[in-house]
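Enquirer: Pasting final-v8.txt below, which is compact mmCIF, C-alpha atoms.
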```txt
# COMPACT_ATOMS: atom_id res chain seq x y z
CA MET A 85 19.70 -31.82 -16.32
CA ASN A 86 19.99 -29.49 -19.30
CA ALA A 87 22.07 -26.32 -19.47
CA LYS A 88 19.07 -23.95 -19.22
CA VAL A 89 17.92 -25.52 -15.95
CA ILE A 90 21.45 -25.33 -14.51
CA LEU A 91 21.73 -21.66 -15.48
CA LEU A 92 18.33 -20.93 -13.91
CA ILE A 93 19.36 -22.58 -10.64
CA LEU A 94 22.63 -20.68 -10.61
CA PHE A 95 20.84 -17.40 -11.35
CA CYS A 96 18.34 -17.95 -8.52
CA SER A 97 21.09 -18.89 -6.08
CA GLN A 98 23.06 -15.77 -7.01
CA ALA A 99 19.96 -13.57 -6.55
CA TYR A 100 19.28 -14.95 -3.09
CA ALA A 101 22.92 -14.73 -1.97
CA ASN A 102 23.51 -11.25 -3.34
CA TYR A 103 23.13 -9.30 -0.10
CA LEU A 104 25.63 -11.49 1.76
CA ASP A 105 28.28 -10.46 -0.77
CA ARG A 106 28.17 -6.88 0.53
CA ASP A 107 30.17 -5.42 3.39
CA GLU A 108 27.45 -2.96 4.44
CA VAL A 109 25.02 -5.84 4.97
CA HIS A 110 27.49 -7.61 7.23
CA GLU A 111 28.02 -4.33 9.08
CA PHE A 112 24.27 -4.15 9.63
CA ILE A 113 24.23 -7.76 10.84
CA ASP A 114 27.04 -6.98 13.29
CA PHE A 115 25.19 -3.90 14.51
CA MET A 116 21.95 -5.83 15.11
CA SER A 117 23.85 -8.55 16.92
CA VAL A 118 25.72 -6.17 19.24
CA GLU A 119 23.01 -3.54 19.74
CA HIS A 120 19.95 -5.79 19.93
CA SER A 121 21.32 -9.28 20.65
CA PHE A 122 20.09 -10.91 17.44
CA GLU A 123 21.74 -14.20 16.51
CA LYS A 124 24.03 -13.64 13.55
CA SER A 125 23.07 -16.98 12.04
CA TYR A 126 19.41 -15.88 12.01
CA LEU A 127 20.22 -12.61 10.24
CA VAL A 128 22.54 -14.33 7.75
CA ASP A 129 19.74 -16.73 6.88
CA ILE A 130 17.28 -13.86 6.34
CA PHE A 131 19.63 -11.87 4.11
CA SER A 132 20.52 -14.97 2.12
CA LYS A 133 16.86 -15.03 1.06
CA ALA A 134 16.14 -11.28 0.76
CA GLU A 135 15.99 -10.05 -2.83
CA LYS A 136 16.76 -6.72 -4.41
CA GLN A 137 13.83 -5.55 -6.54
CA GLN A 138 14.37 -2.86 -9.15
CA ASN A 139 10.65 -2.12 -9.34
CA ILE A 140 10.84 -0.86 -5.75
CA ILE A 141 13.55 1.65 -6.69
CA ASP A 142 11.57 2.69 -9.76
CA SER A 143 8.46 3.29 -7.62
CA MET A 144 10.40 5.38 -5.14
CA ASN A 145 11.74 7.53 -7.95
CA ARG A 146 8.21 8.16 -9.21
CA PRO A 147 5.87 8.37 -6.19
CA ALA A 148 2.20 8.80 -7.01
CA GLU A 149 2.00 12.11 -5.15
CA LYS A 150 4.38 13.65 -7.68
CA VAL A 151 3.21 12.15 -10.95
CA VAL A 152 -0.56 11.84 -10.49
CA THR A 153 -2.66 14.97 -11.04
CA TRP A 154 -5.05 16.25 -8.40
CA ASP A 155 -8.07 15.30 -10.54
CA GLU A 156 -6.72 11.76 -10.85
CA TYR A 157 -5.91 11.64 -7.16
CA LYS A 158 -9.32 12.76 -5.96
CA SER A 159 -10.99 10.27 -8.32
CA ARG A 160 -10.02 7.70 -5.69
CA VAL A 161 -12.93 9.07 -3.72
CA SER A 162 -15.09 6.82 -5.85
CA PHE A 163 -18.63 5.49 -5.48
CA PHE A 164 -17.33 2.04 -4.58
CA ARG A 165 -14.88 3.38 -2.00
CA ILE A 166 -17.67 5.38 -0.40
CA GLN A 167 -19.99 2.35 -0.34
CA ASN A 168 -17.27 0.10 1.08
CA GLY A 169 -16.58 2.78 3.69
CA LYS A 170 -20.20 2.73 4.81
CA ILE A 171 -20.02 -1.04 5.24
CA PHE A 172 -16.71 -0.75 7.12
CA LEU A 173 -18.14 1.87 9.47
CA ARG A 174 -21.17 -0.28 10.24
CA THR A 175 -19.20 -3.51 10.65
CA TYR A 176 -16.77 -2.05 13.17
CA LYS A 177 -19.07 0.50 14.83
CA LYS A 178 -18.04 -0.68 18.31
CA TRP A 179 -14.40 0.18 17.66
CA PHE A 180 -15.14 3.48 15.94
CA ASP A 181 -17.23 4.47 18.98
CA LYS A 182 -14.31 3.64 21.25
CA ALA A 183 -11.78 5.48 19.07
CA GLU A 184 -13.89 8.65 19.00
CA ASP A 185 -14.39 8.51 22.79
CA GLU A 186 -10.71 7.98 23.58
CA PHE A 187 -9.01 10.15 20.98
CA GLY A 188 -11.60 12.62 19.68
CA VAL A 189 -10.85 11.78 16.06
CA PRO A 190 -13.99 11.49 13.88
CA ARG A 191 -14.75 7.99 12.69
CA GLU A 192 -15.12 9.16 9.10
CA VAL A 193 -11.53 10.45 9.07
CA ILE A 194 -10.17 7.18 10.48
CA ALA A 195 -12.18 5.20 7.94
CA ALA A 196 -11.10 7.49 5.09
CA ILE A 197 -7.42 6.89 5.84
CA ILE A 198 -7.85 3.12 5.96
CA GLY A 199 -10.01 3.31 2.84
CA LEU A 200 -7.41 5.23 0.84
CA GLU A 201 -4.48 3.21 2.17
CA THR A 202 -5.82 -0.30 1.54
CA ASN A 203 -9.48 -0.08 0.49
CA TYR A 204 -10.46 -1.02 4.06
CA GLY A 205 -8.01 -3.89 4.21
CA GLY A 206 -8.85 -5.24 0.76
CA TYR A 207 -5.38 -4.61 -0.62
CA LYS A 208 -2.43 -4.37 1.78
CA GLY A 209 0.39 -4.84 -0.70
CA LYS A 210 2.07 -7.87 -2.26
CA ILE A 211 5.76 -7.09 -1.82
CA ARG A 212 7.68 -8.86 0.93
CA VAL A 213 8.56 -6.21 3.48
CA ILE A 214 12.04 -7.65 3.97
CA ASP A 215 12.69 -7.19 0.23
CA ALA A 216 11.27 -3.66 0.20
CA LEU A 217 13.31 -2.49 3.18
CA SER A 218 16.51 -4.28 2.16
CA THR A 219 16.32 -2.82 -1.34
CA ALA A 220 15.69 0.68 0.00
CA ALA A 221 18.32 0.41 2.75
CA PHE A 222 21.14 -0.92 0.60
CA ASP A 223 20.27 0.06 -2.96
CA TYR A 224 18.56 3.46 -2.70
CA PRO A 225 21.24 5.94 -1.56
CA ARG A 226 18.90 8.94 -1.48
CA ARG A 227 17.10 7.64 1.63
CA ARG A 228 19.50 5.00 2.87
CA THR A 229 19.66 6.27 6.46
CA PHE A 230 15.88 6.35 6.86
CA PHE A 231 15.35 2.86 5.47
CA LYS A 232 18.19 1.29 7.44
CA LYS A 233 16.41 2.56 10.52
CA GLN A 234 13.14 1.08 9.25
CA LEU A 235 14.88 -2.24 8.61
CA GLU A 236 16.21 -2.19 12.18
CA GLU A 237 12.72 -1.40 13.49
CA PHE A 238 11.21 -4.16 11.36
CA PHE A 239 13.43 -6.81 12.93
CA LEU A 240 12.65 -5.49 16.41
CA LEU A 241 8.92 -5.40 15.65
CA SER A 242 8.96 -8.95 14.30
CA ARG A 243 10.70 -10.23 17.41
CA GLU A 244 8.35 -8.36 19.76
CA GLU A 245 5.17 -9.47 17.99
CA ASN A 246 6.44 -12.93 16.99
CA PHE A 247 6.07 -12.24 13.26
CA ASP A 248 7.72 -14.29 10.53
CA VAL A 249 9.97 -11.77 8.79
CA MET A 250 9.84 -13.66 5.52
CA ARG A 251 6.04 -13.82 5.28
CA ILE A 252 4.90 -10.23 5.92
CA ARG A 253 3.90 -8.35 2.80
CA GLY A 254 3.19 -4.67 2.26
CA SER A 255 3.88 -1.70 0.03
CA TYR A 256 6.99 -0.99 -2.04
CA ALA A 257 8.18 1.27 0.81
CA GLY A 258 7.69 -1.38 3.50
CA ALA A 259 4.40 -0.06 4.93
CA MET A 260 2.16 -2.73 6.44
CA GLY A 261 -1.37 -3.71 7.28
CA PHE A 262 -4.79 -2.04 7.13
CA ALA A 263 -3.27 1.35 7.91
CA GLN A 264 0.09 0.94 6.12
CA PHE A 265 2.28 1.84 9.09
CA MET A 266 6.03 1.92 8.65
CA PRO A 267 7.88 -0.28 11.18
CA ASP A 268 8.88 2.57 13.52
CA ASN A 269 5.33 3.89 13.74
CA TYR A 270 4.02 0.36 14.18
CA ARG A 271 6.22 -0.03 17.25
CA LYS A 272 5.46 3.44 18.66
CA LEU A 273 1.82 4.00 17.83
CA ALA A 274 0.05 0.72 17.04
CA LEU A 275 -2.37 -0.38 19.78
CA ASP A 276 -3.85 -3.61 21.03
CA PHE A 277 -7.21 -1.88 20.79
CA ASP A 278 -9.37 -4.95 21.35
CA GLU A 279 -7.11 -6.12 24.20
CA ASP A 280 -6.54 -9.62 22.86
CA GLY A 281 -2.84 -9.53 23.76
CA LYS A 282 -1.52 -8.59 20.28
CA LYS A 283 -0.90 -5.33 18.43
CA ASP A 284 -2.06 -6.66 15.10
CA ILE A 285 -2.75 -4.03 12.46
CA LEU A 286 -1.85 -6.56 9.77
CA ASN A 287 -5.08 -8.52 10.07
CA ASN A 288 -7.13 -6.98 12.90
CA ALA A 289 -9.40 -4.08 11.87
CA ALA A 290 -10.13 -3.12 15.49
CA ASP A 291 -6.42 -2.62 16.23
CA ALA A 292 -6.03 -0.68 12.98
CA ILE A 293 -8.89 1.69 13.83
CA GLY A 294 -7.48 2.47 17.27
CA SER A 295 -3.96 2.81 15.90
CA VAL A 296 -4.92 5.33 13.22
CA ALA A 297 -6.77 7.40 15.83
CA ASN A 298 -3.74 7.21 18.13
CA PHE A 299 -1.46 8.32 15.28
CA LEU A 300 -3.58 11.37 14.44
CA ALA A 301 -4.00 12.36 18.10
CA SER A 302 -0.33 11.90 19.00
CA ASP A 303 1.58 15.01 20.05
CA ALA A 304 -1.70 16.81 20.67
CA GLY A 305 -0.13 18.47 23.70
CA ASN A 306 2.42 20.09 21.39
CA LYS A 307 -0.35 21.31 19.05
CA ARG A 308 0.64 18.84 16.34
CA GLY A 309 -2.15 16.35 16.90
CA TRP A 310 -5.87 16.30 16.31
CA ASP A 311 -7.96 19.23 17.60
CA GLU A 312 -11.54 18.23 18.44
CA ASP A 313 -12.62 21.86 18.11
CA GLY A 314 -10.90 22.47 14.79
CA PHE A 315 -11.73 21.70 11.18
CA ILE A 316 -9.85 20.16 8.27
CA ALA A 317 -10.39 22.40 5.26
CA LEU A 318 -12.86 24.96 3.96
CA PRO A 319 -13.13 26.57 0.52
CA ALA A 320 -11.72 30.06 0.04
CA LYS A 321 -11.75 32.66 -2.70
CA ALA A 322 -8.92 34.99 -3.65
CA LYS A 323 -9.65 38.71 -3.23
CA LYS A 324 -7.76 39.51 -6.42
CA LYS A 325 -7.24 37.76 -9.71
CA ASN A 326 -3.95 35.98 -10.40
CA VAL A 327 -3.05 35.71 -6.72
CA LYS A 328 0.55 34.63 -6.34
CA ILE A 329 1.13 32.21 -3.48
CA LYS A 330 3.25 29.15 -3.03
CA SER A 331 1.87 26.26 -5.04
CA SER A 332 1.99 23.88 -2.10
CA PHE A 333 0.97 24.69 1.42
CA GLY A 334 3.98 23.46 3.32
CA LEU A 335 3.61 21.26 6.36
CA LYS A 336 3.30 23.86 9.09
CA PRO A 337 0.54 26.40 9.75
CA TYR A 338 1.01 30.05 8.95
CA ASP A 339 -1.25 33.08 8.78
CA LYS A 340 -1.93 34.82 5.45
CA LEU A 341 -5.67 35.06 5.40
CA ASP A 342 -5.61 38.65 4.20
CA ILE A 343 -5.45 37.60 0.53
CA PHE A 344 -8.55 35.40 0.74
CA TYR A 345 -12.25 35.80 1.28
CA ASN A 346 -13.76 33.38 3.74
CA GLN A 347 -16.59 31.60 1.92
CA THR A 348 -18.18 30.35 5.13
CA ASP A 349 -19.39 31.79 8.42
CA PHE A 350 -16.77 29.85 10.35
CA ASP A 351 -14.69 31.93 12.76
CA PHE A 352 -11.13 30.97 11.85
CA PRO A 353 -8.53 30.53 14.63
CA LYS A 354 -5.79 32.36 12.76
CA GLN A 355 -2.94 30.96 14.80
CA TYR A 356 -3.55 27.57 13.20
CA ILE A 357 -4.32 28.63 9.64
CA GLN A 358 -2.41 27.54 6.59
CA ILE A 359 -3.22 28.53 3.04
CA SER A 360 -3.45 25.74 0.51
CA LEU A 361 -3.65 25.81 -3.28
CA PHE A 362 -5.12 22.76 -4.97
CA PRO A 363 -4.19 21.54 -7.39
CA LYS A 364 -0.66 22.76 -7.93
CA ASP A 365 -0.29 20.86 -11.20
CA GLU A 366 -3.27 22.21 -13.15
CA THR A 367 -4.23 25.54 -14.66
CA LYS A 368 -7.42 26.11 -12.68
CA ASP A 369 -7.34 27.67 -9.24
CA GLU A 370 -8.75 25.80 -6.29
CA PHE A 371 -8.12 27.49 -2.94
CA TRP A 372 -8.67 25.93 0.46
CA ILE A 373 -8.05 27.16 3.99
CA GLY A 374 -6.70 24.38 6.16
CA ASP A 375 -6.73 24.12 9.95
CA LYS A 376 -4.22 22.19 12.06
CA ASN A 377 -6.23 19.02 11.46
CA LEU A 378 -5.17 19.14 7.83
CA TYR A 379 -1.62 19.35 9.12
CA ALA A 380 -2.29 16.32 11.38
CA ILE A 381 -3.26 14.31 8.30
CA THR A 382 -0.11 15.37 6.43
CA ARG A 383 1.89 13.90 9.30
CA TYR A 384 0.41 10.57 8.22
CA ASN A 385 1.40 11.20 4.61
CA PRO A 386 3.19 14.46 3.67
CA SER A 387 1.20 15.12 0.53
CA SER A 388 -1.37 17.86 0.00
CA LYS A 389 -3.22 15.65 -2.48
CA TYR A 390 -3.38 12.80 0.00
CA ALA A 391 -4.60 15.00 2.84
CA MET A 392 -7.33 16.55 0.71
CA SER A 393 -8.41 13.12 -0.56
CA VAL A 394 -8.80 11.97 3.06
CA PHE A 395 -10.86 15.08 3.74
CA LEU A 396 -13.12 14.63 0.71
CA LEU A 397 -13.71 10.93 1.42
CA SER A 398 -14.41 11.64 5.10
CA GLU A 399 -16.99 14.24 4.08
CA GLU A 400 -18.74 11.71 1.84
CA LEU A 401 -18.74 9.12 4.61
CA LYS A 402 -20.09 11.70 7.05
CA ILE A 403 -22.99 12.50 4.73
CA THR A 404 -23.88 8.94 3.90
CA SER A 405 -22.95 6.81 6.93
CA ASP A 406 -26.06 7.53 9.05
CA LEU A 407 -24.24 6.36 12.16
```
Turn this file's structure into structure tokens for me.
Expert:
Amino acid sequence: MNAKVILLILFCSQAYANYLDRDEVHEFIDFMSVEHSFEKSYLVDIFSKAEKQQNIIDSMNRPAEKVVTWDEYKSRVSFFRIQNGKIFLRTYKKWFDKAEDEFGVPREVIAAIIGLETNYGGYKGKIRVIDALSTAAFDYPRRRTFFKKQLEEFFLLSREENFDVMRIRGSYAGAMGFAQFMPDNYRKLALDFDEDGKKDILNNAADAIGSVANFLASDAGNKRGWDEDGFIALPAKAKKKNVKIKSSFGLKPYDKLDIFYNQTDFDFPKQYIQISLFPKDETKDEFWIGDKNLYAITRYNPSSKYAMSVFLLSEELKITSDL
């Protein structure tokens, strides 16, 4: 065996064993063993194979919502995504019917979220979730607490659903399946919508459809969830030139309609109104008035660009679906 092969084997072994060289990983293993009765030998084996990935840290430092312009972001509402959405709506009509009946969330909105997240299940991510969450939990100090919790939830989820921790793949942040749920939301909000005995949003479109509807409708009693009588967004026009408002709408509704003309005949429920400026990263002005349903979408992903992309795609699917 030549020297290069020996060095490669040693390098690979060191990469796999890296996490077991760290005290905080062993502290996490001890915690999972005491708090949740996991076998230490099982966790040691997992972390001996988990790998730190610098590209995950790089992606977290430059999320798309911050570096992609609004024009680039809304270009995702493409002809092909609209056409694929029409097919998805037809294929799973039974489950969209059920989701609308049970949760009151329009099918086009559910489909738009799944379409933007994974192109209707066509691309769910290629990064091992154990690598994504381990890297974020132990090598990304800015959000270490959040991702350690997600890592804990991922182990619990995998035990509950009998998943192989080492085989599940997702996004660089550890989001999974058709709907890209983080582990905590998977455990809390994913549904066995087709009642086959498994909550499988990794491979089951029916479960994903019901789970997205459940997510958007959750906390409806506290006025945070979906409002069947509300709207998402409507265009507005400033009453004066060079209107000065915050460049992003914030995540909670507030009432400042006095600086805008309503461009529709809709009777706005002011207690739920928030003012939005899109895009915040370009010179042109694009004003929208958002209802609490826009806020419900931002609970799925706290980005104004994301929420408006969901809205625009849902409008296209509503026009063209003929369902």
Enquirer: Please measure the separation of CA of Gly258 (chain A) and CA of Ser162 (chain A), giving the value in Å to one decimal.
Expert: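 Rounded to one decimal, the two atoms are 26.0 Å apart.
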Enquirer: Region 186-196 of chain A: which residues within 10 Å, counting all atoms listed in the file, same-chain residues fewer than 6 positions away excluded, as a VMD selection string?
Expert: chain A and resid 161 165 to 166 168 to 170 172 to 173 177 179 to 180 203 to 204 263 292 to 302 304 309 to 313 316 377 381 393 to 403 405 407
Enquirer: Which distance in Å separates CA of Met250 (chain A) and CA of Ala216 (chain A), to one decimal?
Expert: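 Here the two named atoms are 11.4 Å from each other.
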Enquirer: Go through A:Asp155, A:Glu244, A:Asp185, A:Asp215 one by one, measure the shortest atom-to-atom distance of each to Asn139 (chain A) using only C-alpha atoms, and give the residue with the smallest value.
Expert: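 Between A:Asp155, A:Glu244, A:Asp185, A:Asp215, the residue approaching Asn139 (chain A) most closely is A:Asp215.
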Enquirer: Considering only C-alpha atoms, state which residue in the set A:Asp114, A:Glu201, A:Glu237, A:Asp107 is at the smallest distance from Leu127 (chain A).
Expert: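 Using only C-alpha atoms, the shortest distance to Leu127 (chain A) belongs to A:Asp114.
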Enquirer: Which distance in Å separates CA of Arg226 (chain A) and CA of Ile141 (chain A), to one decimal?
Expert: 10.4 Å
Enquirer: Using all atoms listed in the file, which of A:Thr229, A:Thr202, A:Gln138, A:Thr219 sits nearest Asn287 (chain A)?
Expert: A:Thr202
Enquirer: Find, counting all atoms listed in the file, the residue in A:Ala289, A:Leu240, A:Leu275, A:Ala220 that gets nearest to Ala257 (chain A).
Expert: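 Comparing A:Ala289, A:Leu240, A:Leu275, A:Ala220 against Ala257 (chain A), the winner is A:Ala220.
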Enquirer: A:Lys283, A:Arg228, A:Lys178, A:Lys272: which is nearest Phe247 (chain A), counting all atoms listed in the file?
Expert: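 Between A:Lys283, A:Arg228, A:Lys178, A:Lys272, the residue approaching Phe247 (chain A) most closely is A:Lys283.
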Enquirer: In terms of the shortest atom-to-atom distance over all atoms listed in the file, which of A:Gly254, A:Gly209, A:Tyr379, A:Ala290 is closest to Asp181 (chain A)?
Expert: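 Checking each of A:Gly254, A:Gly209, A:Tyr379, A:Ala290 against Asp181 (chain A), counting all atoms listed in the file, the winner is A:Ala290.
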Enquirer: Give as a PyMOL selection string each residue that has an atom at most 8 Å from (9.3, 2.2, 12.8) in the file, counting all atoms listed in the file.
Expert: chain A and resi 233-234+237-238+265-272
Enquirer: Near Glu123 (chain A), counting all atoms listed in the file, which residues have an atom at most 10 Å away, once you skip same-chain residues fewer than 5 positions from it, shown as a VMD selection string?
Expert: chain A and resid 113 to 114 116 to 118 128
Enquirer: Would you list the contacts of Ile252 (chain A) as an mmCIF file with C-alpha atoms, in the frame of the given file, taking every protein, DNA or RNA residue within 9 Å and counting all atoms listed in the file, but skipping same-chain residues closer than 2 positions in sequence?
Expert:
```
data_model
loop_
_atom_site.group_PDB
_atom_site.id
_atom_site.type_symbol
_atom_site.label_atom_id
_atom_site.label_comp_id
_atom_site.auth_asym_id
_atom_site.auth_seq_id
_atom_site.Cartn_x
_atom_site.Cartn_y
_atom_site.Cartn_z
ATOM 1 C CA LYS A 210 2.070 -7.870 -2.260
ATOM 2 C CA ILE A 211 5.760 -7.090 -1.820
ATOM 3 C CA ARG A 212 7.680 -8.860 0.930
ATOM 4 C CA VAL A 213 8.560 -6.210 3.480
ATOM 5 C CA ILE A 214 12.040 -7.650 3.970
ATOM 6 C CA PHE A 247 6.070 -12.240 13.260
ATOM 7 C CA ASP A 248 7.720 -14.290 10.530
ATOM 8 C CA VAL A 249 9.970 -11.770 8.790
ATOM 9 C CA MET A 250 9.840 -13.660 5.520
ATOM 10 C CA GLY A 254 3.190 -4.670 2.260
ATOM 11 C CA MET A 260 2.160 -2.730 6.440
ATOM 12 C CA LEU A 286 -1.850 -6.560 9.770
#
```
